[in-house]
$ cat entry-v1.pdb   # PDB, C-alpha atoms
ATOM      1  CA  MET N 142      10.461   3.446  -3.018
ATOM      2  CA  ILE N 143       9.106   3.112   0.491
ATOM      3  CA  CYS N 144       5.854   4.957   1.080
ATOM      4  CA  TYR N 145       4.083   6.035   4.257
ATOM      5  CA  ALA N 146       0.445   5.980   3.179
ATOM      6  CA  ASP N 147      -2.395   7.285   5.292
ATOM      7  CA  SER N 148      -5.413   5.068   6.047
ATOM      8  CA  SER N 149      -7.468   6.970   3.429
ATOM      9  CA  PHE N 150      -4.966   5.768   0.825
ATOM     10  CA  PHE N 151      -4.997   2.178   2.085
ATOM     11  CA  VAL N 152      -8.789   1.961   1.917
ATOM     12  CA  ALA N 153      -8.689   3.175  -1.699
ATOM     13  CA  TRP N 154      -5.864   0.695  -2.419
ATOM     14  CA  PHE N 155      -7.784  -2.310  -1.120
ATOM     15  CA  HIS N 156     -11.363  -1.366  -2.037
ATOM     16  CA  PRO N 157     -12.041  -1.601  -5.791
ATOM     17  CA  ALA N 158     -15.192   0.530  -5.568
ATOM     18  CA  ASP N 159     -13.472   3.458  -3.841
ATOM     19  CA  GLN N 160     -13.646   6.705  -5.825
ATOM     20  CA  PHE N 161      -9.829   6.942  -5.676
ATOM     21  CA  ALA N 162      -9.080   3.255  -6.264
ATOM     22  CA  ILE N 163      -7.774   3.658  -9.811
ATOM     23  CA  PRO N 164      -5.514   6.735  -9.391
ATOM     24  CA  VAL N 165      -4.134   5.348  -6.122
ATOM     25  CA  THR N 166      -3.422   1.971  -7.724
ATOM     26  CA  ASP N 167      -1.862   3.449 -10.867
ATOM     27  CA  TRP N 168       0.442   5.659  -8.828
ATOM     28  CA  ALA N 169       1.409   2.987  -6.296
ATOM     29  CA  ARG N 170       2.184   0.390  -8.963
ATOM     30  CA  GLU N 171       4.564   2.843 -10.568
ATOM     31  CA  HIS N 172       6.238   4.304  -7.481
ATOM     32  CA  VAL N 173       5.877   2.073  -4.429
ATOM     33  CA  MET N 174       7.805  -1.058  -3.543
ATOM     34  CA  GLU N 175       6.917  -1.146   0.122
ATOM     35  CA  PHE N 176       4.536   0.495   2.566
ATOM     36  CA  VAL N 177       5.220   1.505   6.147
ATOM     37  CA  TRP N 178       2.782  -0.148   8.555
ATOM     38  CA  ASN N 179       2.208   0.651  12.214
ATOM     39  CA  PRO N 180      -0.388  -0.138  14.907
ATOM     40  CA  ILE N 181      -2.319   3.100  14.403
ATOM     41  CA  LEU N 182      -2.572   2.676  10.632
ATOM     42  CA  ARG N 183      -3.604  -0.922  11.198
ATOM     43  CA  ALA N 184      -6.439  -0.012  13.558
ATOM     44  CA  GLU N 185      -7.698   2.742  11.245
ATOM     45  CA  VAL N 186      -7.560   0.607   8.111
ATOM     46  CA  ARG N 187      -9.275  -2.362   9.756
ATOM     47  CA  HIS N 188     -12.029  -0.160  11.172
ATOM     48  CA  ASN N 189     -12.710   1.559   7.866
ATOM     49  CA  LEU N 190     -12.629  -1.639   5.824
ATOM     50  CA  ARG N 191     -15.181  -3.158   8.205
ATOM     51  CA  ARG N 192     -17.510  -0.211   7.577
ATOM     52  CA  LEU N 193     -17.651  -0.788   3.814
ATOM     53  CA  LYS N 194     -21.045  -1.880   2.541
ATOM     54  CA  THR N 195     -20.444  -2.491  -1.148
ATOM     55  CA  GLN N 196     -20.344  -5.904  -2.810
ATOM     56  CA  HIS N 197     -16.544  -5.518  -2.858
ATOM     57  CA  ALA N 198     -16.175  -5.104   0.894
ATOM     58  CA  ARG N 199     -15.202  -8.738   1.467
ATOM     59  CA  MET N 200     -12.654  -8.618  -1.339
ATOM     60  CA  ALA N 201     -11.060  -5.511   0.196
ATOM     61  CA  TRP N 202     -10.862  -7.180   3.597
ATOM     62  CA  ASN N 203      -9.358 -10.357   2.115
ATOM     63  CA  ALA N 204      -6.716  -8.392   0.211
ATOM     64  CA  TYR N 205      -5.750  -6.532   3.370
ATOM     65  CA  ARG N 206      -5.524  -9.789   5.365
ATOM     66  CA  ALA N 207      -3.436 -11.401   2.619
ATOM     67  CA  SER N 208      -1.056  -8.431   2.782
ATOM     68  CA  GLU N 209      -0.400  -9.100   6.444
ATOM     69  CA  LYS N 210      -0.292 -12.873   6.141
ATOM     70  CA  THR N 211       2.288 -12.695   3.367
ATOM     71  CA  ARG N 212       4.208 -10.029   5.304
ATOM     72  CA  ARG N 213       3.849  -7.350   2.650
ATOM     73  CA  LEU N 214       2.544  -5.229   5.509
ATOM     74  CA  VAL N 215       4.638  -5.697   8.633
ATOM     75  CA  ILE N 216       4.524  -3.644  11.799
ATOM     76  CA  ARG N 217       7.961  -2.406  12.695
ATOM     77  CA  ARG N 218       9.148  -2.075  16.267
ATOM     78  CA  GLU N 219       7.064   0.978  17.030
ATOM     79  CA  SER N 220       4.992   1.422  20.132
ATOM     80  CA  ILE N 221       1.814   3.473  20.116
ATOM     81  CA  ALA N 222       3.253   5.577  22.935
ATOM     82  CA  ASP N 223       6.276   6.453  20.774
ATOM     83  CA  LEU N 224       4.071   7.325  17.794
ATOM     84  CA  LEU N 225       1.907   9.586  19.941
ATOM     85  CA  SER N 226       4.977  11.184  21.422
ATOM     86  CA  ILE N 227       6.556  12.079  18.067
ATOM     87  CA  GLY N 228       3.148  13.350  16.893
ATOM     88  CA  ASP N 229       3.006  15.547  19.963
ATOM     89  CA  ASN N 230       6.481  16.907  19.275
ATOM     90  CA  LEU N 231       5.479  17.835  15.721
ATOM     91  CA  SER N 232       2.294  19.425  17.043
ATOM     92  CA  GLY N 233       4.419  21.528  19.374
ATOM     93  CA  GLU N 234       6.289  22.759  16.323
ATOM     94  CA  LYS N 235       3.480  23.335  13.793
ATOM     95  CA  ALA N 236       0.060  23.303  15.496
ATOM     96  CA  LYS N 237      -0.302  27.101  15.314
ATOM     97  CA  GLU N 238       0.528  27.228  11.605
ATOM     98  CA  ILE N 239      -1.444  24.283  10.197
ATOM     99  CA  SER N 240      -4.973  23.374  11.192
ATOM    100  CA  ALA N 241      -4.559  19.618  10.787
ATOM    101  CA  GLY N 242      -5.918  17.351  13.528
ATOM    102  CA  THR N 243      -4.128  15.322  16.194
ATOM    103  CA  TRP N 244      -3.950  12.119  14.134
ATOM    104  CA  ASP N 245      -2.724  14.013  11.091
ATOM    105  CA  PHE N 246       0.236  15.175  13.164
ATOM    106  CA  VAL N 247       0.840  11.626  14.370
ATOM    107  CA  HIS N 248       0.877  10.228  10.823
ATOM    108  CA  VAL N 249       3.118  12.919   9.397
ATOM    109  CA  ALA N 250       5.519  12.565  12.330
ATOM    110  CA  ALA N 251       5.528   8.777  11.850
ATOM    111  CA  PHE N 252       6.298   9.340   8.156
ATOM    112  CA  LEU N 253       9.275  11.551   8.992
ATOM    113  CA  GLU N 254      10.499   9.081  11.597
ATOM    114  CA  SER N 255      10.137   6.107   9.217
ATOM    115  CA  LYS N 256      12.484   7.607   6.608
ATOM    116  CA  ALA N 257      10.011   6.587   3.895
ATOM    117  CA  TYR N 258      10.504   8.502   0.667
ATOM    118  CA  TYR N 259       6.834   9.202  -0.115
ATOM    119  CA  PHE N 260       3.917  10.333   1.986
ATOM    120  CA  ALA N 261       0.619   9.528   0.242
ATOM    121  CA  THR N 262      -2.818  10.629   1.346
ATOM    122  CA  LEU N 263      -6.269  11.654   0.169
ATOM    123  CA  ASP N 264      -6.426  14.288   2.901
ATOM    124  CA  LYS N 265      -5.588  17.901   1.972
ATOM    125  CA  LEU N 266      -4.736  19.044   5.485
ATOM    126  CA  GLN N 267      -2.465  16.097   6.062
ATOM    127  CA  ALA N 268      -0.743  16.744   2.731
ATOM    128  CA  GLU N 269      -0.344  20.404   3.676
ATOM    129  CA  LEU N 270       1.351  19.439   6.928
ATOM    130  CA  ALA N 271       3.559  16.850   5.203
ATOM    131  CA  SER N 272       4.558  19.416   2.575
ATOM    132  CA  ALA N 273       5.636  21.791   5.325
ATOM    133  CA  MET N 274       7.987  19.116   6.636
ATOM    134  CA  ALA N 275       9.247  17.359   3.468
ATOM    135  CA  PRO N 276      10.011  18.359  -0.142
ATOM    136  CA  ALA N 277       6.874  18.683  -2.279
ATOM    137  CA  GLU N 278       7.912  15.913  -4.678
ATOM    138  CA  ARG N 279       7.773  13.436  -1.818
ATOM    139  CA  VAL N 280       4.170  14.244  -0.903
ATOM    140  CA  LYS N 281       1.411  12.759  -3.040
ATOM    141  CA  LEU N 282      -2.134  14.047  -2.587
ATOM    142  CA  PHE N 283      -5.095  12.438  -4.371
ATOM    143  CA  SER N 284      -8.055  14.803  -4.484
TER     144      SER N 284
ATOM    145  CA  MET F 241      20.529 -27.715   0.464
ATOM    146  CA  SER F 242      20.667 -30.716   2.833
ATOM    147  CA  SER F 243      17.873 -33.217   2.947
ATOM    148  CA  ILE F 244      16.322 -34.694   6.034
ATOM    149  CA  THR F 245      13.795 -37.469   6.481
ATOM    150  CA  THR F 246      10.568 -36.967   8.387
ATOM    151  CA  LYS F 247      11.846 -39.517  10.927
ATOM    152  CA  GLN F 248      15.059 -37.525  11.508
ATOM    153  CA  LEU F 249      13.034 -34.337  11.786
ATOM    154  CA  HIS F 250      10.785 -35.975  14.359
ATOM    155  CA  HIS F 251      13.716 -37.127  16.492
ATOM    156  CA  GLU F 252      15.925 -34.048  16.102
ATOM    157  CA  THR F 253      13.404 -31.232  15.762
ATOM    158  CA  SER F 254      15.159 -28.870  18.125
ATOM    159  CA  ALA F 255      18.626 -29.344  16.629
ATOM    160  CA  VAL F 256      17.303 -28.985  13.080
ATOM    161  CA  LEU F 257      15.430 -25.786  13.933
ATOM    162  CA  ASP F 258      18.584 -24.417  15.604
ATOM    163  CA  GLN F 259      20.387 -24.907  12.296
ATOM    164  CA  VAL F 260      17.517 -23.263  10.384
ATOM    165  CA  GLU F 261      17.741 -20.319  12.744
ATOM    166  CA  ARG F 262      21.446 -20.043  11.895
ATOM    167  CA  GLY F 263      20.629 -19.923   8.170
ATOM    168  CA  ALA F 264      20.529 -23.568   7.021
ATOM    169  CA  SER F 265      17.826 -24.921   4.689
ATOM    170  CA  PHE F 266      16.553 -28.502   4.435
ATOM    171  CA  GLU F 267      14.475 -30.508   2.016
ATOM    172  CA  VAL F 268      12.181 -32.805   3.952
ATOM    173  CA  THR F 269      11.744 -36.253   2.418
ATOM    174  CA  ARG F 270       9.241 -39.029   3.072
ATOM    175  CA  ASN F 271       9.743 -42.433   1.472
ATOM    176  CA  GLY F 272      12.555 -40.932  -0.595
ATOM    177  CA  ARG F 273      10.343 -38.185  -2.043
ATOM    178  CA  VAL F 274      10.748 -34.442  -1.285
ATOM    179  CA  ILE F 275       7.553 -33.261   0.383
ATOM    180  CA  GLY F 276       8.585 -29.842   1.661
ATOM    181  CA  ARG F 277      11.281 -27.393   2.669
ATOM    182  CA  LEU F 278      12.451 -25.839   5.899
ATOM    183  CA  GLU F 279      14.197 -22.514   5.525
ATOM    184  CA  PRO F 280      14.858 -19.352   7.525
ATOM    185  CA  ALA F 281      11.926 -16.915   7.467
ATOM    186  CA  ALA F 282      14.098 -14.167   5.968
ATOM    187  CA  LYS F 283      14.913 -16.406   3.000
ATOM    188  CA  ALA F 284      11.281 -17.103   2.165
ATOM    189  CA  LYS F 285      10.408 -15.747  -1.248
ATOM    190  CA  PRO F 286       8.324 -12.598  -0.721
ATOM    191  CA  VAL F 287       4.905 -12.585  -2.290
ATOM    192  CA  ASN F 288       4.629  -9.596  -4.556
ATOM    193  CA  TRP F 289       1.756  -7.125  -4.596
ATOM    194  CA  ASN F 290       0.564  -8.379  -7.988
ATOM    195  CA  GLU F 291      -0.321 -11.756  -6.500
ATOM    196  CA  ILE F 292      -2.206 -10.250  -3.569
ATOM    197  CA  MET F 293      -3.964  -7.473  -5.449
ATOM    198  CA  ALA F 294      -4.837  -9.171  -8.762
ATOM    199  CA  PRO F 295      -8.531  -9.746  -7.854
ATOM    200  CA  VAL F 296      -8.849  -6.145  -6.606
ATOM    201  CA  TRP F 297      -7.327  -4.716  -9.766
ATOM    202  CA  GLU F 298      -9.596  -6.873 -11.914
ATOM    203  CA  ALA F 299     -12.635  -5.726  -9.948
ATOM    204  CA  GLN F 300     -11.593  -2.070 -10.283
ATOM    205  CA  LYS F 301     -11.875  -2.383 -14.071
ATOM    206  CA  ARG F 302     -15.367  -3.884 -13.884
ATOM    207  CA  CYS F 303     -16.678  -1.607 -11.135
ATOM    208  CA  GLU F 304     -18.801   1.166 -12.624
ATOM    209  CA  SER F 305     -20.260   2.785  -9.513
ATOM    210  CA  LYS F 306     -17.711   4.230  -7.121
ATOM    211  CA  VAL F 307     -18.295   5.219  -3.514
ATOM    212  CA  PRO F 308     -16.747   8.044  -1.481
ATOM    213  CA  ASN F 309     -13.683   7.217   0.606
ATOM    214  CA  PRO F 310     -15.006   6.595   4.144
ATOM    215  CA  VAL F 311     -11.887   7.929   5.894
ATOM    216  CA  ILE F 312     -12.118  11.286   4.140
ATOM    217  CA  GLU F 313     -15.895  11.437   4.650
ATOM    218  CA  GLU F 314     -15.496  10.899   8.380
ATOM    219  CA  ARG F 315     -12.727  13.482   8.693
ATOM    220  CA  GLN F 316     -14.763  16.061   6.791
ATOM    221  CA  ARG F 317     -17.715  15.447   9.123
ATOM    222  CA  ARG F 318     -15.512  15.881  12.185
ATOM    223  CA  ARG F 319     -13.914  19.065  10.867
ATOM    224  CA  ARG F 320     -17.218  20.797  10.067
TER     225      ARG F 320
END
$ encode --input "entry-v1.pdb" --output "C-alpha coordinates"
Amino acid sequence: MICYADSSFFVAWFHPADQFAIPVTDWAREHVMEFVWNPILRAEVRHNLRRLKTQHARMAWNAYRASEKTRRLVIRRESIADLLSIGDNLSGEKAKEISAGTWDFVHVAAFLESKAYYFATLDKLQAELASAMAPAERVKLFS
Amino acid sequence: MSSITTKQLHHETSAVLDQVERGASFEVTRNGRVIGRLEPAAKAKPVNWNEIMAPVWEAQKRCESKVPNPVIEERQRRRR
(Lines of atoms letter the chains of each structure in order from A and count residues from 1; the text may use other names and numbers.)
(Lines give C-alpha, C1' and ligand atoms only; values in the text may rest on other atoms or scores of the structure.)
Protein backbone atom coordinates (compact mmCIF):
# COMPACT_ATOMS: atom_id res chain seq x y z
CA MET A 1 0.00 0.00 0.00
CA ILE A 2 1.04 3.59 -0.52
CA CYS A 3 1.38 5.59 2.68
CA TYR A 4 1.51 9.32 3.35
CA ALA A 5 3.63 9.48 6.49
CA ASP A 6 4.18 12.62 8.50
CA SER A 7 7.73 13.80 9.31
CA SER A 8 7.35 12.47 12.89
CA PHE A 9 6.91 9.00 11.38
CA PHE A 10 9.87 9.38 9.02
CA VAL A 11 12.22 10.39 11.83
CA ALA A 12 11.17 7.30 13.80
CA TRP A 13 11.59 5.18 10.64
CA PHE A 14 15.15 6.33 10.00
CA HIS A 15 16.43 6.84 13.56
CA PRO A 16 17.02 3.55 15.41
CA ALA A 17 17.07 5.23 18.82
CA ASP A 18 13.68 6.92 18.40
CA GLN A 19 11.12 5.87 21.01
CA PHE A 20 8.74 4.83 18.20
CA ALA A 21 11.34 3.23 15.92
CA ILE A 22 10.27 -0.36 16.53
CA PRO A 23 6.45 -0.02 16.28
CA VAL A 24 6.79 2.24 13.23
CA THR A 25 9.16 -0.21 11.54
CA ASP A 26 7.06 -3.28 12.36
CA TRP A 27 3.93 -1.65 10.99
CA ALA A 28 5.56 -0.22 7.87
CA ARG A 29 7.25 -3.50 6.95
CA GLU A 30 3.88 -5.20 7.07
CA HIS A 31 1.72 -2.57 5.38
CA VAL A 32 3.75 -0.13 3.29
CA MET A 33 5.21 -0.63 -0.17
CA GLU A 34 5.79 3.01 -0.97
CA PHE A 35 5.80 6.39 0.74
CA VAL A 36 4.57 9.69 -0.64
CA TRP A 37 7.31 12.33 -0.60
CA ASN A 38 6.98 16.06 -1.18
CA PRO A 39 9.10 19.20 -0.68
CA ILE A 40 7.55 20.07 2.68
CA LEU A 41 8.05 16.58 4.12
CA ARG A 42 11.59 16.64 2.78
CA ALA A 43 12.46 19.92 4.48
CA GLU A 44 10.93 18.80 7.79
CA VAL A 45 12.61 15.40 7.78
CA ARG A 46 16.02 16.81 6.86
CA HIS A 47 15.79 19.49 9.55
CA ASN A 48 14.77 17.04 12.26
CA LEU A 49 17.36 14.43 11.31
CA ARG A 50 20.06 17.10 11.51
CA ARG A 51 18.97 17.92 15.06
CA LEU A 52 19.53 14.37 16.33
CA LYS A 53 22.37 14.05 18.81
CA THR A 54 22.54 10.32 19.48
CA GLN A 55 25.29 8.00 18.25
CA HIS A 56 22.80 6.83 15.60
CA ALA A 57 22.24 10.26 14.08
CA ARG A 58 24.66 9.67 11.20
CA MET A 59 23.11 6.29 10.44
CA ALA A 60 19.65 7.88 10.27
CA TRP A 61 20.90 10.58 7.92
CA ASN A 62 22.64 8.03 5.68
CA ALA A 63 19.53 5.87 5.47
CA TYR A 64 17.44 8.88 4.49
CA ARG A 65 19.98 9.92 1.82
CA ALA A 66 20.11 6.37 0.47
CA SER A 67 16.32 6.41 0.17
CA GLU A 68 16.48 9.43 -2.10
CA LYS A 69 19.51 8.28 -4.06
CA THR A 70 17.90 4.94 -4.83
CA ARG A 71 14.61 6.69 -5.63
CA ARG A 72 12.62 4.96 -2.91
CA LEU A 73 11.62 8.48 -1.92
CA VAL A 74 10.80 10.58 -4.96
CA ILE A 75 9.18 13.98 -5.03
CA ARG A 76 6.19 13.98 -7.32
CA ARG A 77 5.23 16.96 -9.43
CA GLU A 78 3.92 19.01 -6.54
CA SER A 79 4.73 22.63 -5.95
CA ILE A 80 4.87 24.09 -2.47
CA ALA A 81 2.31 26.69 -3.54
CA ASP A 82 -0.13 23.92 -4.52
CA LEU A 83 0.42 22.08 -1.23
CA LEU A 84 -0.20 25.25 0.76
CA SER A 85 -3.27 25.98 -1.29
CA ILE A 86 -4.90 22.58 -0.71
CA GLY A 87 -3.99 22.87 2.99
CA ASP A 88 -5.72 26.23 3.06
CA ASN A 89 -8.82 24.78 1.42
CA LEU A 90 -9.00 22.04 4.05
CA SER A 91 -8.48 24.63 6.78
CA GLY A 92 -11.43 26.56 5.38
CA GLU A 93 -13.50 23.42 5.81
CA LYS A 94 -12.36 22.12 9.22
CA ALA A 95 -10.38 24.78 11.12
CA LYS A 96 -13.29 25.56 13.47
CA GLU A 97 -13.86 21.91 14.35
CA ILE A 98 -10.32 20.59 14.83
CA SER A 99 -7.55 22.44 16.63
CA ALA A 100 -4.71 21.11 14.50
CA GLY A 101 -2.08 23.57 13.26
CA THR A 102 -1.44 25.00 9.80
CA TRP A 103 1.09 22.34 8.78
CA ASP A 104 -1.16 19.56 10.04
CA PHE A 105 -3.81 20.78 7.61
CA VAL A 106 -1.25 20.91 4.81
CA HIS A 107 -0.11 17.32 5.42
CA VAL A 108 -3.60 15.88 5.71
CA ALA A 109 -4.69 17.74 2.57
CA ALA A 110 -1.59 16.45 0.75
CA PHE A 111 -2.48 12.93 1.90
CA LEU A 112 -6.00 13.23 0.49
CA GLU A 113 -4.68 14.69 -2.75
CA SER A 114 -2.03 11.96 -3.12
CA LYS A 115 -4.59 9.14 -3.08
CA ALA A 116 -2.34 7.21 -0.70
CA TYR A 117 -4.18 4.50 1.20
CA TYR A 118 -2.66 5.11 4.64
CA PHE A 119 -1.92 8.23 6.63
CA ALA A 120 0.63 7.50 9.37
CA THR A 121 1.69 9.87 12.12
CA LEU A 122 2.83 10.11 15.72
CA ASP A 123 0.75 13.26 16.16
CA LYS A 124 -2.69 12.94 17.80
CA LEU A 125 -4.12 16.15 16.39
CA GLN A 126 -3.01 15.30 12.90
CA ALA A 127 -4.52 11.83 13.24
CA GLU A 128 -7.75 13.38 14.50
CA LEU A 129 -7.93 15.62 11.44
CA ALA A 130 -7.07 12.75 9.08
CA SER A 131 -9.74 10.57 10.70
CA ALA A 132 -12.31 13.29 10.07
CA MET A 133 -11.46 13.15 6.37
CA ALA A 134 -10.73 9.44 5.73
CA PRO A 135 -11.98 6.09 7.09
CA ALA A 136 -10.45 5.20 10.46
CA GLU A 137 -8.77 2.04 9.15
CA ARG A 138 -6.66 4.18 6.83
CA VAL A 139 -5.27 6.35 9.62
CA LYS A 140 -2.46 4.94 11.75
CA LEU A 141 -1.49 6.78 14.93
CA PHE A 142 1.52 5.73 17.02
CA SER A 143 1.28 7.10 20.54
CA MET B 1 19.80 -6.91 -25.40
CA SER B 2 22.17 -5.43 -28.00
CA SER B 3 25.82 -4.98 -27.26
CA ILE B 4 27.91 -1.97 -28.07
CA THR B 5 31.63 -1.36 -27.80
CA THR B 6 33.06 1.54 -25.84
CA LYS B 7 34.42 2.91 -29.14
CA GLN B 8 30.95 2.85 -30.74
CA LEU B 9 29.49 4.46 -27.64
CA HIS B 10 32.11 7.19 -27.81
CA HIS B 11 31.38 7.96 -31.46
CA GLU B 12 27.59 7.57 -31.35
CA THR B 13 26.72 8.69 -27.83
CA SER B 14 23.77 10.83 -28.83
CA ALA B 15 22.18 8.23 -31.11
CA VAL B 16 22.65 5.47 -28.54
CA LEU B 17 21.10 7.56 -25.77
CA ASP B 18 18.17 8.39 -28.08
CA GLN B 19 17.55 4.66 -28.41
CA VAL B 20 17.84 4.18 -24.64
CA GLU B 21 15.29 6.93 -24.17
CA ARG B 22 12.95 5.02 -26.49
CA GLY B 23 13.33 1.88 -24.36
CA ALA B 24 16.38 0.05 -25.76
CA SER B 25 19.04 -1.53 -23.53
CA PHE B 26 22.71 -2.15 -24.35
CA GLU B 27 25.55 -4.15 -22.90
CA VAL B 28 28.74 -2.14 -23.14
CA THR B 29 31.82 -4.18 -24.03
CA ARG B 30 35.53 -3.38 -23.86
CA ASN B 31 38.03 -5.77 -25.41
CA GLY B 32 35.20 -8.25 -25.93
CA ARG B 33 34.22 -8.26 -22.25
CA VAL B 34 30.91 -6.87 -20.88
CA ILE B 35 31.77 -4.04 -18.49
CA GLY B 36 28.37 -2.44 -17.97
CA ARG B 37 24.82 -1.84 -19.10
CA LEU B 38 22.86 1.10 -20.42
CA GLU B 39 19.14 0.94 -19.84
CA PRO B 40 16.16 3.26 -19.45
CA ALA B 41 15.84 4.69 -15.93
CA ALA B 42 12.35 3.22 -15.54
CA LYS B 43 13.72 -0.27 -16.18
CA ALA B 44 16.37 -0.03 -13.48
CA LYS B 45 15.77 -2.59 -10.77
CA PRO B 46 14.38 -0.74 -7.74
CA VAL B 47 16.33 -1.09 -4.55
CA ASN B 48 14.04 -2.43 -1.88
CA TRP B 49 13.65 -1.00 1.61
CA ASN B 50 15.37 -4.02 3.17
CA GLU B 51 18.64 -3.11 1.48
CA ILE B 52 18.48 0.53 2.55
CA MET B 53 17.21 -0.03 6.08
CA ALA B 54 19.11 -3.17 7.13
CA PRO B 55 21.69 -1.28 9.26
CA VAL B 56 18.92 0.77 10.92
CA TRP B 57 16.88 -2.31 11.75
CA GLU B 58 19.96 -4.04 13.17
CA ALA B 59 20.75 -1.00 15.30
CA GLN B 60 17.15 -0.84 16.57
CA LYS B 61 17.58 -4.31 18.09
CA ARG B 62 20.81 -3.35 19.87
CA CYS B 63 19.68 0.11 20.99
CA GLU B 64 18.63 0.03 24.63
CA SER B 65 18.13 3.72 25.38
CA LYS B 66 15.48 5.43 23.28
CA VAL B 67 14.99 9.16 22.84
CA PRO B 68 11.78 11.16 22.37
CA ASN B 69 10.71 11.91 18.81
CA PRO B 70 11.96 15.46 18.10
CA VAL B 71 9.08 16.37 15.77
CA ILE B 72 6.46 15.57 18.40
CA GLU B 73 8.50 17.28 21.13
CA GLU B 74 8.70 20.47 19.09
CA ARG B 75 5.00 20.44 18.24
CA GLN B 76 4.05 19.91 21.88
CA ARG B 77 6.24 22.87 22.88
CA ARG B 78 4.62 25.08 20.25
CA ARG B 79 1.09 24.06 21.24
CA ARG B 80 1.57 24.76 24.96
$ closest_residue --input "entry-v1.pdb" --among "F:Glu313, F:Thr245, F:Arg318, F:Cys303" --to "chain N" --atoms "all atoms listed in the file"
F:Cys303
$ atom_distance --input "entry-v1.pdb" --atom1 "atom CA of Ala251 of chain N" --atom2 "atom CA of Val307 of chain F"
28.6 Å
$ resolve_selection --input "entry-v1.pdb" --expression "the ChimeraX specification (/F :<7) & /N" --output "list of chain:residue names"
N:Ser149, N:Ala153, N:Phe155, N:Pro157, N:Ala158, N:Asp159, N:Gln160, N:Ile163, N:Asn189, N:Met200, N:Ala204, N:Ala207, N:Ser208, N:Thr211, N:Asp264
$ resolve_selection --input "entry-v1.pdb" --expression "the PyMOL selection byres ((chain N and resi 224-227) around 9)" --output "list in words"
Asn179, Ile181, Glu219, Ser220, Ile221, Ala222, Asp223, Gly228, Asp229, Asn230, Leu231, Ser232, Trp244, Phe246, Val247, His248, Ala250, Ala251 and Glu254 of chain N
$ write_last_selection --input "entry-v1.pdb" --atoms "C-alpha atoms" --output "PDB file, in the frame of the given file"
ATOM      1  CA  ASN N 179       2.208   0.651  12.214  1.00  0.00           C
ATOM      2  CA  ILE N 181      -2.319   3.100  14.403  1.00  0.00           C
ATOM      3  CA  GLU N 219       7.064   0.978  17.030  1.00  0.00           C
ATOM      4  CA  SER N 220       4.992   1.422  20.132  1.00  0.00           C
ATOM      5  CA  ILE N 221       1.814   3.473  20.116  1.00  0.00           C
ATOM      6  CA  ALA N 222       3.253   5.577  22.935  1.00  0.00           C
ATOM      7  CA  ASP N 223       6.276   6.453  20.774  1.00  0.00           C
ATOM      8  CA  GLY N 228       3.148  13.350  16.893  1.00  0.00           C
ATOM      9  CA  ASP N 229       3.006  15.547  19.963  1.00  0.00           C
ATOM     10  CA  ASN N 230       6.481  16.907  19.275  1.00  0.00           C
ATOM     11  CA  LEU N 231       5.479  17.835  15.721  1.00  0.00           C
ATOM     12  CA  SER N 232       2.294  19.425  17.043  1.00  0.00           C
ATOM     13  CA  TRP N 244      -3.950  12.119  14.134  1.00  0.00           C
ATOM     14  CA  PHE N 246       0.236  15.175  13.164  1.00  0.00           C
ATOM     15  CA  VAL N 247       0.840  11.626  14.370  1.00  0.00           C
ATOM     16  CA  HIS N 248       0.877  10.228  10.823  1.00  0.00           C
ATOM     17  CA  ALA N 250       5.519  12.565  12.330  1.00  0.00           C
ATOM     18  CA  ALA N 251       5.528   8.777  11.850  1.00  0.00           C
ATOM     19  CA  GLU N 254      10.499   9.081  11.597  1.00  0.00           C
TER      20      GLU N 254
END
$ resolve_selection --input "entry-v1.pdb" --expression "the PyMOL selection byres ((chain F and resi 244) around 7)" --output "list in words"
Ser242, Ser243, Thr245, Thr246, Gln248, Leu249, Phe266, Glu267, Val268 and Thr269 of chain F
$ residues_around --input "entry-v1.pdb" --residues "Gln259 of chain F" --least-positions-apart "5" --cutoff "10 Å" --atoms "only C-alpha atoms" --output "PDB file with C-alpha atoms, in the frame of the given file"
ATOM      1  CA  SER F 254      15.159 -28.870  18.125  1.00  0.00           C
ATOM      2  CA  ALA F 264      20.529 -23.568   7.021  1.00  0.00           C
ATOM      3  CA  SER F 265      17.826 -24.921   4.689  1.00  0.00           C
ATOM      4  CA  PHE F 266      16.553 -28.502   4.435  1.00  0.00           C
ATOM      5  CA  GLU F 279      14.197 -22.514   5.525  1.00  0.00           C
ATOM      6  CA  PRO F 280      14.858 -19.352   7.525  1.00  0.00           C
TER       7      PRO F 280
END
$ atom_distance --input "entry-v1.pdb" --atom1 "atom CA of Glu261 of chain F" --atom2 "atom CA of Ala281 of chain F"
8.6 Å
$ atom_distance --input "entry-v1.pdb" --atom1 "atom CA of Tyr205 of chain N" --atom2 "atom CA of Glu185 of chain N"
12.3 Å
$ axis_aligned_box --input "entry-v1.pdb" --around "segment 160-179 of chain N" --padding-each-side "6 Å" --output "AutoDock Vina command-line options"
--center_x -2.9 --center_y 2.9 --center_z 0.7 --size_x 33.5 --size_y 20.1 --size_z 35.1
$ closest_residue --input "entry-v1.pdb" --among "N:Ala268, N:Ala162, N:Leu214, N:Val152" --to "Leu193 of chain N" --atoms "all atoms listed in the file"
N:Val152
$ residues_around --input "entry-v1.pdb" --residues "Phe151 of chain N" --least-positions-apart "3" --cutoff "10 Å" --atoms "only C-alpha atoms" --output "list of chain:residue names"
N:Ala146, N:Asp147, N:Ser148, N:Trp154, N:Phe155, N:His156, N:Ala162, N:Val165, N:Thr166, N:Phe176, N:Leu182, N:Arg183, N:Glu185, N:Val186, N:Arg187, N:Asn189, N:Leu190, N:Ala201, N:Tyr205, N:Ala261, N:Thr262, N:Leu263, F:Val311
$ closest_residue --input "entry-v1.pdb" --among "N:Trp178, N:Phe283, N:Phe252, N:Trp168" --to "Arg217 of chain N" --atoms "only C-alpha atoms"
N:Trp178
